[in-house]
Structure formats: C-alpha cells, structure tokens
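K.L.:
Submitted below is the structure of interest, expressed as structure tokens.
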Amino acid sequence: INLLKESSLSCVISNSILAKEITQPVIISENPLLIFSQLISESFDYTNNSLFLSKNENNSHVSKTATIGKNVVLGDNITIGDNSIIFPNVVIYDNTIIGKNVIIHSGSTIGSDGFGLVLDESKQWQKVPHVGNVIIHDNVEIGANTTIDRASIDSTILYDNVKIDNHVHVAHNVIIGENTAIAACVGIAGSTSIGKNCTIGGGAGINGHIDIVDNVHIHGMTMVTKNLTEPG
C-alpha cells in the first residue's frame with residue numbers, strides 16, 4: 001500500500017479488503033492473481049518465439065570471445081558476455097542476460113517458465129504466465145542439468161561469483177547474492193532472496209517468499225521454512 005502511494009499506475013488489481021485503501025482506479029476481484037494471469041495471457045503468445053523456429057534467427061548479442069557448444073539453443077534478445085562458456089545442449093530462453101566469464105554446463109536450462117498456478121472458478125489449475133527474464137552477472141558457474149526459471153514480470157538474478165552445482169532448481173524471482181555457493185540437488189522456491197557469501201549444502205530445500213541474510217551456512221538436506229535474519 002505504501003508503494004502505491006508513490007506510483008503512477010493507471011490501475012491496480014486487488015481484493016475488496018485492500019481496495020478500500022487504494023486511491024488509484026482498482027479492479028476488484030476475490031481472485032486477483034487469476035485476473036492478472038488472464039490479462040497477461042491475452043497479450044503473450046508462447047508460440048511466437050525464436051526457440052520454435054527451424055532457423056534460429058534472433059536478435060541476440062553474443063561476444064566474439066564467448067564459446068558456444070554444439071546444440072546450444074538461444075532464444076531472442078540474449079546477451080552473452082566476454083569469455084563466457086556455454087557447454088553443449090544448453091537452452092537459453094528469450095531476454096536472458098549473461099555476463100562475463102560465466103560457465104554454464106551441459107543440459108542446463110536458463111529462463112524457463114516458473115511454476116506459477118492459480119485456481120479458477122471451477123477449481124481447475126490455470127497457468128500464471130511468466131514474462132520476465134534471468135540476469136546472470138559475471139564469473140558465475142552453473143552446473144549440469146540445473147534449471148533457472150525466469151521471473152513472472154521482472155528478473156531472476158544471480159550476482160557476481162555465484163557458484164551452483166549440478167541438478168539445482170532456482171525458481172522464478174529468486175535473487176542470489178554475490179559469492180554464494182550452492183551444492184547439488186538444492187531447490188529454491190520462488191521469490192526468495194539469498195544474501196552474499198552463503199553456502200547451501202546438497203539436497204537442501206528453501207521455502208518461497210523468504211529472505212536469507214549474508215553469511216548464512218545451511219547444511220545438506222535442511223528445509224528452510226522462514227526468514228534467516230542472523231549472519232553466521
């Protein structure tokens with residue numbers, strides 16, 4: 001509500017309780033996420049995508065010093081920085097930004113849809129479209145068969161020198177701070193923020209919509225269900 005007071009939004013989607021506090025024009029629904037999803041779906045065509053073209057002609061900007069392996073598939077409007085290495089069979093979706101000296105190992109997928117669902121009036125699951133992107137900063141390494149989902153409407157972000165092992169899942173809108181290392185088979189749910197210099201042991205699970213401060217160390221197979229507010 002406080003953020004809305006400073007915004008110039010022409011319209012807000014909300015429920016009847018919060019609408020009483022909103023000064024902008026508001027669409028009132030008891031299922032605001034469903035309305036939002038329908039609006040996005042009407043203006044977003046998944047099939048109009050360079051990943052589906054037989055000739056992968058796109059508007060990407062790949063550094064001349066980057067190394068791209070066999071069978072790498074690039075979407076549209078991708079940036080790959082100097083000296084980055086993309087191993088074979090990696091798929092990178094539209095609008096992904098990859099910095100310098102990044103290594104992405106075979107079989108990884110960058111920018112796939114997040115797992116966003118909403119129940120409609122008949123209690124059937126409907127897809128929440130994801131039209132954001134992934135931003136990977138410099139000196140990041142991503143292990144084989146790791147998946148990093150794009151954000152719903154903004155960015156999933158990995159900051160400098162993040163190191164990720166094989167078979168890790170980073171969900172939509174996750175932010176991982178500089179110099180954090182994540183071992184194999186970790187799952188990080190959506191909209192969670194992880195600080196700098198953290199270590200996360202293999203097989204750990206991290207809940208969505210929580211914040212983890214800098215210098216936190218999580219043992220393997222841990223389940224983190226709430227904010228971690230103390231370093232160390």
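Letters A, B, ... mark the chains of the structure tokens in the order given; residue numbers begin at 1 per chain; ligand numbers begin at 1, in order shown.
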Would you kindly return, as a PyMOL selection string, each protein, DNA or RNA residue with an atom no farther than 8 Å from any atom of range 99-111 of chain A, considering only C-alpha atoms and excluding same-chain residues fewer than 3 positions away?

P.N.:
chain A and resi 79-94+96+133-134+136-150

K.L.:
Tell me, in Å to one decimal, how far CA of Ile135 in chain A is from CA of Lys196 in chain A.

P.N.:
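Answer for the CA of Ile135 in chain A to CA of Lys196 in chain A separation: 16.4 Å.
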
K.L.:
Identify, with DSSP run on backbone atoms, the residues in range 110-170 of chain A assigned to strand (DSSP E), and express the list as a ChimeraX atom specification.

P.N.:
/A:110-112,117-119,125-127,133-136,141-142,147-149,155-158,163-164,169-170

K.L.:
Save out the residues we just selected, C-alpha atoms, as a short mmCIF file (atom, residue, chain, number, x, y, z; two decimals), in the first residue's frame.

P.N.:
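Now in selection-v6.cif:
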```
data_model
loop_
_atom_site.label_atom_id
_atom_site.label_comp_id
_atom_site.auth_asym_id
_atom_site.auth_seq_id
_atom_site.Cartn_x
_atom_site.Cartn_y
_atom_site.Cartn_z
CA ILE A 110 18.06 -20.83 -18.33
CA GLY A 111 14.87 -18.78 -18.45
CA SER A 112 12.18 -21.46 -18.47
CA LEU A 117 -0.54 -21.69 -10.94
CA VAL A 118 -3.86 -20.26 -9.80
CA LEU A 119 -7.22 -21.96 -9.24
CA TRP A 125 -5.38 -25.03 -12.16
CA GLN A 126 -4.59 -22.26 -14.63
CA LYS A 127 -1.12 -21.19 -15.70
CA ASN A 133 13.83 -12.77 -17.57
CA VAL A 134 17.01 -14.10 -15.97
CA ILE A 135 20.08 -11.95 -15.28
CA ILE A 136 23.37 -13.74 -14.58
CA GLU A 141 29.27 -21.05 -12.79
CA ILE A 142 26.17 -23.20 -13.27
CA THR A 147 17.31 -25.02 -14.17
CA ILE A 148 16.90 -21.32 -13.53
CA ASP A 149 13.38 -20.02 -14.13
CA SER A 155 14.05 -10.65 -13.12
CA THR A 156 15.53 -13.73 -11.50
CA ILE A 157 19.05 -12.58 -10.58
CA LEU A 158 22.36 -14.33 -9.84
CA LYS A 163 28.61 -20.99 -7.89
CA ILE A 164 25.88 -23.57 -8.50
CA HIS A 169 16.49 -25.65 -9.28
CA VAL A 170 16.26 -21.87 -8.91
#
```

K.L.:
Among range 13-180 of chain A, which ones does DSSP place in helix (DSSP H, G or I), written as an MDAnalysis selection string?

P.N.:
chainID A and resid 16:19 32:42 50:52

K.L.:
Let's have the selection written as a short mmCIF file (atom, residue, chain, number, x, y, z; two decimals), in the first residue's frame, with all heavy atoms.

P.N.:
```
data_model
loop_
_atom_site.label_atom_id
_atom_site.label_comp_id
_atom_site.auth_asym_id
_atom_site.auth_seq_id
_atom_site.Cartn_x
_atom_site.Cartn_y
_atom_site.Cartn_z
N SER A 16 -11.37 -6.98 -2.32
CA SER A 16 -12.29 -5.98 -1.77
C SER A 16 -11.78 -5.38 -0.47
O SER A 16 -12.08 -4.22 -0.15
CB SER A 16 -13.67 -6.61 -1.55
OG SER A 16 -13.57 -7.75 -0.70
N ILE A 17 -11.00 -6.14 0.29
CA ILE A 17 -10.49 -5.62 1.57
C ILE A 17 -9.42 -4.56 1.33
O ILE A 17 -9.48 -3.44 1.85
CB ILE A 17 -9.93 -6.78 2.42
CG1 ILE A 17 -11.06 -7.75 2.77
CG2 ILE A 17 -9.27 -6.24 3.69
CD1 ILE A 17 -10.59 -9.03 3.45
N LEU A 18 -8.43 -4.88 0.50
CA LEU A 18 -7.34 -3.94 0.25
C LEU A 18 -7.79 -2.76 -0.62
O LEU A 18 -7.24 -1.67 -0.52
CB LEU A 18 -6.17 -4.65 -0.43
CG LEU A 18 -5.42 -5.67 0.42
CD1 LEU A 18 -4.34 -6.34 -0.41
CD2 LEU A 18 -4.83 -5.03 1.66
N ALA A 19 -8.80 -2.97 -1.45
CA ALA A 19 -9.25 -1.91 -2.36
C ALA A 19 -9.68 -0.66 -1.61
O ALA A 19 -9.58 0.46 -2.13
CB ALA A 19 -10.40 -2.43 -3.22
N PRO A 32 -7.45 -11.99 -7.46
CA PRO A 32 -6.70 -11.03 -8.28
C PRO A 32 -5.64 -11.69 -9.17
O PRO A 32 -5.41 -11.24 -10.29
CB PRO A 32 -6.04 -10.11 -7.25
CG PRO A 32 -6.85 -10.27 -6.02
CD PRO A 32 -7.35 -11.67 -6.03
N LEU A 33 -5.02 -12.76 -8.67
CA LEU A 33 -3.99 -13.43 -9.46
C LEU A 33 -4.56 -14.02 -10.74
O LEU A 33 -3.91 -14.00 -11.80
CB LEU A 33 -3.30 -14.51 -8.63
CG LEU A 33 -2.16 -15.27 -9.32
CD1 LEU A 33 -1.07 -14.31 -9.79
CD2 LEU A 33 -1.59 -16.32 -8.40
N LEU A 34 -5.78 -14.53 -10.68
CA LEU A 34 -6.42 -15.08 -11.88
C LEU A 34 -6.67 -13.97 -12.91
O LEU A 34 -6.41 -14.16 -14.10
CB LEU A 34 -7.72 -15.78 -11.52
CG LEU A 34 -8.50 -16.39 -12.69
CD1 LEU A 34 -7.69 -17.47 -13.39
CD2 LEU A 34 -9.84 -16.95 -12.21
N ILE A 35 -7.16 -12.83 -12.46
CA ILE A 35 -7.39 -11.70 -13.37
C ILE A 35 -6.07 -11.25 -14.01
O ILE A 35 -5.98 -11.05 -15.22
CB ILE A 35 -8.05 -10.52 -12.63
CG1 ILE A 35 -9.39 -10.95 -12.03
CG2 ILE A 35 -8.23 -9.33 -13.57
CD1 ILE A 35 -10.43 -11.36 -13.04
N PHE A 36 -5.05 -11.11 -13.18
CA PHE A 36 -3.72 -10.75 -13.69
C PHE A 36 -3.25 -11.75 -14.75
O PHE A 36 -2.77 -11.37 -15.83
CB PHE A 36 -2.72 -10.70 -12.53
CG PHE A 36 -1.29 -10.63 -12.94
CD1 PHE A 36 -0.71 -9.43 -13.34
CD2 PHE A 36 -0.49 -11.76 -12.92
CE1 PHE A 36 0.62 -9.37 -13.72
CE2 PHE A 36 0.83 -11.72 -13.30
CZ PHE A 36 1.39 -10.51 -13.71
N SER A 37 -3.39 -13.03 -14.46
CA SER A 37 -2.94 -14.07 -15.39
C SER A 37 -3.69 -14.00 -16.71
O SER A 37 -3.09 -14.15 -17.79
CB SER A 37 -3.14 -15.45 -14.76
OG SER A 37 -2.40 -15.56 -13.56
N GLN A 38 -4.98 -13.74 -16.65
CA GLN A 38 -5.77 -13.65 -17.88
C GLN A 38 -5.33 -12.45 -18.72
O GLN A 38 -5.25 -12.53 -19.95
CB GLN A 38 -7.25 -13.56 -17.53
CG GLN A 38 -7.80 -14.87 -16.96
CD GLN A 38 -9.19 -14.73 -16.38
OE1 GLN A 38 -9.63 -13.63 -16.03
NE2 GLN A 38 -9.91 -15.85 -16.25
N LEU A 39 -5.06 -11.33 -18.07
CA LEU A 39 -4.61 -10.14 -18.81
C LEU A 39 -3.29 -10.38 -19.51
O LEU A 39 -3.10 -10.01 -20.68
CB LEU A 39 -4.49 -8.95 -17.85
CG LEU A 39 -5.79 -8.34 -17.34
CD1 LEU A 39 -5.51 -7.34 -16.23
CD2 LEU A 39 -6.55 -7.67 -18.48
N ILE A 40 -2.34 -11.02 -18.80
CA ILE A 40 -1.04 -11.31 -19.41
C ILE A 40 -1.19 -12.31 -20.55
O ILE A 40 -0.61 -12.16 -21.63
CB ILE A 40 -0.05 -11.82 -18.36
CG1 ILE A 40 0.20 -10.77 -17.27
CG2 ILE A 40 1.27 -12.23 -19.02
CD1 ILE A 40 0.85 -9.50 -17.78
N SER A 41 -2.00 -13.35 -20.33
CA SER A 41 -2.17 -14.39 -21.35
C SER A 41 -2.72 -13.83 -22.66
O SER A 41 -2.35 -14.28 -23.75
CB SER A 41 -3.10 -15.49 -20.83
OG SER A 41 -2.52 -16.16 -19.74
N GLU A 42 -3.60 -12.85 -22.55
CA GLU A 42 -4.21 -12.28 -23.75
C GLU A 42 -3.21 -11.48 -24.60
O GLU A 42 -3.47 -11.21 -25.77
CB GLU A 42 -5.38 -11.38 -23.35
CG GLU A 42 -6.58 -12.16 -22.86
CD GLU A 42 -7.70 -11.26 -22.37
OE1 GLU A 42 -7.55 -10.02 -22.46
OE2 GLU A 42 -8.72 -11.78 -21.87
N SER A 50 11.47 -17.50 -30.99
CA SER A 50 12.53 -18.00 -31.87
C SER A 50 12.97 -19.41 -31.52
O SER A 50 13.56 -20.11 -32.35
CB SER A 50 13.73 -17.06 -31.83
OG SER A 50 14.27 -17.00 -30.53
N LEU A 51 12.66 -19.89 -30.30
CA LEU A 51 13.02 -21.25 -29.95
C LEU A 51 12.26 -22.27 -30.78
O LEU A 51 12.69 -23.42 -30.90
CB LEU A 51 12.72 -21.50 -28.46
CG LEU A 51 13.57 -20.73 -27.45
CD1 LEU A 51 13.05 -20.98 -26.05
CD2 LEU A 51 15.03 -21.11 -27.55
N PHE A 52 11.14 -21.88 -31.37
CA PHE A 52 10.33 -22.79 -32.17
C PHE A 52 10.67 -22.73 -33.66
O PHE A 52 10.10 -23.47 -34.46
CB PHE A 52 8.84 -22.49 -31.99
CG PHE A 52 8.34 -22.76 -30.60
CD1 PHE A 52 8.01 -21.72 -29.76
CD2 PHE A 52 8.21 -24.05 -30.13
CE1 PHE A 52 7.55 -21.96 -28.48
CE2 PHE A 52 7.76 -24.30 -28.85
CZ PHE A 52 7.43 -23.26 -28.03
#
```

K.L.:
List the neighbours of Ala184 in chain A out to 8 Å using only C-alpha atoms; skip same-chain residues closer than 4 positions along the sequence, and give me the result as a list in words.

P.N.:
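So the residues in contact are Ile164, Asp165, Asn166, His167, Val168, Gly201, Gly202 and Gly203 of chain A.
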
K.L.:
Export, as a PDB file, in the first residue's frame, the selected residues with C-alpha atoms.

P.N.:
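Writing the result to selection_20.pdb gives the following:
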```pdb
ATOM      1  CA  ILE A 164      25.883 -23.570  -8.495  1.00  0.00           C
ATOM      2  CA  ASP A 165      26.346 -27.348  -8.654  1.00  0.00           C
ATOM      3  CA  ASN A 166      24.504 -29.898 -10.799  1.00  0.00           C
ATOM      4  CA  HIS A 167      20.748 -30.573 -10.589  1.00  0.00           C
ATOM      5  CA  VAL A 168      19.830 -27.375  -8.755  1.00  0.00           C
ATOM      6  CA  GLY A 201      24.533 -27.934   1.297  1.00  0.00           C
ATOM      7  CA  GLY A 202      23.328 -30.603  -1.094  1.00  0.00           C
ATOM      8  CA  GLY A 203      19.679 -31.535  -1.162  1.00  0.00           C
TER       9      GLY A 203
END
```

K.L.:
So, counting only C-alpha atoms, which residue among A:Ile218, A:Leu74, A:Ile212, A:Met223 is closest to Ser191 in chain A?

P.N.:
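Closest to Ser191 in chain A, using only C-alpha atoms: A:Ile212.
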
K.L.:
Counting only C-alpha atoms, which of A:Val162, A:Ile98, A:Ala204, A:Ala171 gets nearest to His130 in chain A?

P.N.:
A:Ala171

K.L.:
For the atom pair CA of Val224 in chain A and CA of Ile182 in chain A, what is the interatomic distance in Å to one decimal place?

P.N.:
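The value is 14.1 Å.
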
K.L.:
May I ask for the distance between CA of Asp45 in chain A and CA of Ile28 in chain A, given in Å to one decimal place?

P.N.:
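So the answer is 26.1 Å.
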